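The next block holds one structure in the form of structure tokens; read it before the comments.
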Amino acid sequence: MNTGRSFRTLAVLGLALCAATPALAQQSSEAELDILIERSLTPADALELANRQESEGDLLGAAATLERALLTNPEGNTAKVRLHYVGLLCRLDDRQTAQSELAKVDGLDIGDADWSRVQAACGEVQRPPAGPLRERQGLTGEVAFGLSYDSDLANALLVQFNLPGSIPADDGLSFFGSAFVAGRVPVGTRTFAYGSAGAATKNNLGGPSLNFQTGDAQLGLGIEGNGFELSAGVTGGHSIISSDPFLTEYGGEAELAIVLAGDARLSLHGELVHQDYMGSTPAFSRDGTRIDVSLDYQGRSGLATSYWFGIAYENKSAETARTGYQGLRGFGSLRETVSGSGVYLSAFGTIRYAEYKDEIGFVPVNELRWYTRGAVGVPVLTTGLNLEAAVSYTWRVYNDASNFRNYESAGAELRLVWNFGN
């Protein structure tokens, strides 16, 4: 046996193997990476891989995994994947991208644990609403009840002549409650059916007698396009004052909504209804037709701030001409989440100017109304339930020639608010 030759052969084989090891390792690593990339295309596997990378301290790799899954399979991803991605972006201090991604969660089902993860990573952020009131799918709603104080409860629903003997201002305490629910279901590839209903009641507990109830409902169909929605349906409502029917209205509505950058929305809404007032007679009747057209914009600034504002035109024709009017109104709201636990501040305001139609033999009437409300809300017990305290101010003024008495009232509220749904 030639021992020297055998050793030389073994040495050459050993050197060859040593030289081949880096190449084999690289091929194995690339193959493993290919498998990981392929697996990360599905939401469940992407989350599994991202969790593993995150536990190993590779936040950038985990974010890249989830980003890849969102890009390659956008239709198959739930809010869980995107919220996990948002949390990683916040930890990587990329809040601008996190804001954009969070806006895309609107309308999706958000789990409490997933949202807690986002709050832990991002801090003071506002939980995304379920999208527009006409939900992409499923139900959403709000139930609220509590106590309210008004410095002039007696004249809240009265329009009086400014004469001796008119009812003086009188404060009072009331119970009030409200409920709203909206739903949306797909009926085709890009078509959907929507519906919503709401009701409210206010009943005095002390002071002047003031009791009223209102309710309304909408039902319709819509179609989704690239960056827009178009819908139309029927609408109706009914009001009761002091246990007596007051107003019934019914008609149709239509809306065009355009989705802008950052998930902002610009909406044009129109409504045409017929109004029937109880107690109308041939000699005096407020029955007629009301037209309302509004343009509003809603969006976000940062992760914690949302806002909504718009303008509207109203026109009411009536059988007794002087009870008809035309007017303009402006409105807006702002909500700011101020803590990671969900404490929020909110503000709402509306201003409305109306000119009642002239009728021979009667003095022209102009009316200006203003209402504003500010609130602070604190989460209690469970997700979606908040204790809210608010103050408000109502002001109503008429032109001097009308001789109508002006009205103003300051108010305060304490209520529980439960938001539910997607």
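In the structure tokens, each chain is lettered A, B, ... as it comes, each chain's residues begin at 1, and ligands are numbered from 1 in order of appearance.
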Long-range neighbours of region 259-273 of chain A as a PyMOL selection string, 8 Å cut-off, only C-alpha atoms, 3 positions minimum in chain: chain A and resi 100+103-104+227-228+235-236+249-256+289-300
Store the residues of this selection in a file with N, CA and C atoms, as a short mmCIF file (atom, residue, chain, number, x, y, z; two decimals), in the first residue's frame.
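Result file part.cif:
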```cif
data_model
loop_
_atom_site.label_atom_id
_atom_site.label_comp_id
_atom_site.auth_asym_id
_atom_site.auth_seq_id
_atom_site.Cartn_x
_atom_site.Cartn_y
_atom_site.Cartn_z
N SER A 100 -49.76 56.14 7.48
CA SER A 100 -50.37 55.76 6.21
C SER A 100 -50.92 54.34 6.27
N ALA A 103 -54.16 54.03 8.40
CA ALA A 103 -55.36 54.51 7.71
C ALA A 103 -55.99 53.42 6.87
N LYS A 104 -55.19 52.46 6.42
CA LYS A 104 -55.70 51.38 5.57
C LYS A 104 -56.46 50.32 6.35
N GLY A 227 -61.41 54.21 -6.41
CA GLY A 227 -61.26 55.46 -5.69
C GLY A 227 -62.55 56.21 -5.44
N PHE A 228 -63.70 55.59 -5.65
CA PHE A 228 -64.96 56.29 -5.37
C PHE A 228 -66.05 55.29 -5.02
N THR A 235 -85.03 57.28 2.42
CA THR A 235 -84.81 57.75 3.79
C THR A 235 -86.13 58.23 4.39
N GLY A 236 -86.26 58.16 5.69
CA GLY A 236 -87.46 58.60 6.36
C GLY A 236 -87.21 58.89 7.82
N GLU A 249 -91.28 62.67 7.71
CA GLU A 249 -90.72 62.99 6.40
C GLU A 249 -90.20 61.72 5.74
N TYR A 250 -90.27 61.71 4.39
CA TYR A 250 -89.86 60.53 3.63
C TYR A 250 -89.44 60.98 2.24
N GLY A 251 -88.46 60.25 1.70
CA GLY A 251 -87.96 60.61 0.38
C GLY A 251 -86.76 59.79 -0.01
N GLY A 252 -85.83 60.40 -0.74
CA GLY A 252 -84.67 59.69 -1.24
C GLY A 252 -83.38 60.43 -0.97
N GLU A 253 -82.27 59.72 -1.10
CA GLU A 253 -80.94 60.29 -0.89
C GLU A 253 -79.96 59.68 -1.87
N ALA A 254 -78.85 60.38 -2.11
CA ALA A 254 -77.78 59.89 -2.97
C ALA A 254 -76.46 60.48 -2.49
N GLU A 255 -75.39 59.73 -2.71
CA GLU A 255 -74.07 60.20 -2.25
C GLU A 255 -72.97 59.73 -3.19
N LEU A 256 -72.03 60.63 -3.44
CA LEU A 256 -70.81 60.31 -4.17
C LEU A 256 -69.65 60.59 -3.23
N THR A 289 -91.79 70.36 0.80
CA THR A 289 -90.63 69.59 0.34
C THR A 289 -89.34 70.25 0.83
N ARG A 290 -88.41 69.42 1.31
CA ARG A 290 -87.12 69.94 1.78
C ARG A 290 -86.00 69.32 0.95
N ILE A 291 -85.09 70.18 0.50
CA ILE A 291 -83.91 69.75 -0.23
C ILE A 291 -82.67 70.10 0.59
N ASP A 292 -81.74 69.15 0.71
CA ASP A 292 -80.52 69.39 1.46
C ASP A 292 -79.34 68.81 0.66
N VAL A 293 -78.36 69.66 0.35
CA VAL A 293 -77.16 69.23 -0.38
C VAL A 293 -75.94 69.63 0.42
N SER A 294 -75.06 68.67 0.71
CA SER A 294 -73.89 68.96 1.54
C SER A 294 -72.62 68.42 0.89
N LEU A 295 -71.53 69.10 1.18
CA LEU A 295 -70.20 68.69 0.74
C LEU A 295 -69.32 68.65 1.98
N ASP A 296 -68.73 67.48 2.27
CA ASP A 296 -67.91 67.38 3.47
C ASP A 296 -66.61 66.65 3.20
N TYR A 297 -65.66 66.89 4.08
CA TYR A 297 -64.32 66.30 3.96
C TYR A 297 -63.94 65.71 5.31
N GLN A 298 -63.41 64.50 5.30
CA GLN A 298 -62.95 63.89 6.54
C GLN A 298 -61.56 63.31 6.33
N GLY A 299 -60.73 63.41 7.36
CA GLY A 299 -59.37 62.92 7.23
C GLY A 299 -58.68 62.86 8.57
N ARG A 300 -57.36 62.66 8.52
CA ARG A 300 -56.54 62.55 9.72
C ARG A 300 -55.29 63.40 9.59
#
```
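Remark: for Leu328 (chain A), the closest of the candidate residues A:Ser346, A:Leu414, A:Ser306, A:Ala354 is A:Ala354 (distances computed over only C-alpha atoms).
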Would you compute the distance between CA of Arg373 (chain A) and CA of Ala347 (chain A)? Give it in Å to one decimal. 5.7 Å
Run DSSP on the backbone of this structure and report the residues of region 108-286 of chain A it assigns to strand (DSSP E or B), as a PyMOL selection string. chain A and resi 138-150+161+172-186+191-206+211-225+228-241+244-259+265-277
With distances taken over only C-alpha atoms, which of A:Asp150, A:Glu229, A:Glu48, A:Asp114 is nearest to Gly206 (chain A)?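 Among the listed residues, A:Asp150 lies closest to Gly206 (chain A).
Computed from the coordinates, the CA of Thr372 (chain A) to CA of Asp152 (chain A) distance equals 15.7 Å.
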If you measure from CA of Val118 (chain A) to CA of Gly183 (chain A), what distance in Å do you get, rounded to one decimal?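 Straight-line distance from CA of Val118 (chain A) to CA of Gly183 (chain A) works out to 26.6 Å.
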Who sits within 7 Å of Ala412 (chain A), only C-alpha atoms, same chain under 5 positions skipped, as a list in words: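 Neighbouring residues, sequence-local ones excluded: Ser148, Tyr149, Asp150, Ala390, Val391 and Ser392 of chain A.
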Go ahead and write the selection's residues with C-alpha atoms as a PDB file, in the first residue's frame.
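Written output follows (result22.pdb):
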```
ATOM      1  CA  SER A 148     -77.959  66.733  30.719  1.00  0.00           C
ATOM      2  CA  TYR A 149     -78.428  70.216  32.165  1.00  0.00           C
ATOM      3  CA  ASP A 150     -79.716  73.208  30.161  1.00  0.00           C
ATOM      4  CA  ALA A 390     -69.249  67.640  27.875  1.00  0.00           C
ATOM      5  CA  VAL A 391     -70.236  71.300  27.891  1.00  0.00           C
ATOM      6  CA  SER A 392     -72.262  73.018  25.170  1.00  0.00           C
TER       7      SER A 392
END
```
Near-Leu66 (chain A) list (7 Å; only C-alpha atoms; drop same-chain fewer than 3 positions) as JSON, numbers by chain: {"A": [46, 50, 62, 63, 69, 70, 81, 85]}
For each of A:Ala232, A:Leu71, A:Ser317, A:Gly340, take the minimum atom-to-atom distance to Cys122 (chain A), counting only C-alpha atoms, then give the residue where this is smallest.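 Of the candidates, the smallest distance to Cys122 (chain A) is held by A:Gly340.
Proximity to Tyr307 (chain A) was assessed for A:Arg335, A:Arg117, A:Arg369, A:Arg95 counting only C-alpha atoms; the smallest distance is recorded for A:Arg335.
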Would you give me, as CSV, each residue of region 186-221 of chain A having an atom within 12 Å of an atom of region 144-147 of chain A, along with its shortest atom pair and that distance in Å to one decimal, using only C-alpha atoms and sorting by chain and residue number?
```
residue,atom,partner,partner_atom,distance
A:Gly198,CA,A:Ala144,CA,11.5
A:Ala199,CA,A:Ala144,CA,10.7
A:Ala200,CA,A:Ala144,CA,9.3
A:Thr201,CA,A:Phe145,CA,9.4
A:Lys202,CA,A:Leu147,CA,9.3
A:Asn203,CA,A:Leu147,CA,9.7
A:Asn204,CA,A:Leu147,CA,9.6
A:Leu205,CA,A:Leu147,CA,9.1
A:Gly206,CA,A:Leu147,CA,11.3
```
Residue subset to file, keeping C-alpha atoms, as a PDB file, in the first residue's frame:
```
ATOM      1  CA  GLY A 198     -81.105  55.913  14.650  1.00  0.00           C
ATOM      2  CA  ALA A 199     -83.280  57.074  17.531  1.00  0.00           C
ATOM      3  CA  ALA A 200     -82.981  59.588  20.367  1.00  0.00           C
ATOM      4  CA  THR A 201     -85.031  60.638  23.364  1.00  0.00           C
ATOM      5  CA  LYS A 202     -84.862  63.475  25.911  1.00  0.00           C
ATOM      6  CA  ASN A 203     -87.102  63.568  28.975  1.00  0.00           C
ATOM      7  CA  ASN A 204     -87.043  66.165  31.731  1.00  0.00           C
ATOM      8  CA  LEU A 205     -86.326  65.031  35.285  1.00  0.00           C
ATOM      9  CA  GLY A 206     -86.707  68.414  36.940  1.00  0.00           C
TER      10      GLY A 206
END
```
Can you tell me, as a PyMOL selection string, what residues are no more than 10 Å from Val376 (chain A) when counting only C-alpha atoms, ignoring any on the same chain fewer than 2 positions away? chain A and resi 335-338+343-347+374+378+386-391
Might you pull out every residue within 12 Å of Asn366 (chain A), with only C-alpha atoms counted and same-chain residues fewer than 2 positions away left off, and present them as number ranges by chain? A: 322-328, 352-358, 363-364, 368-369, 396-404, 406
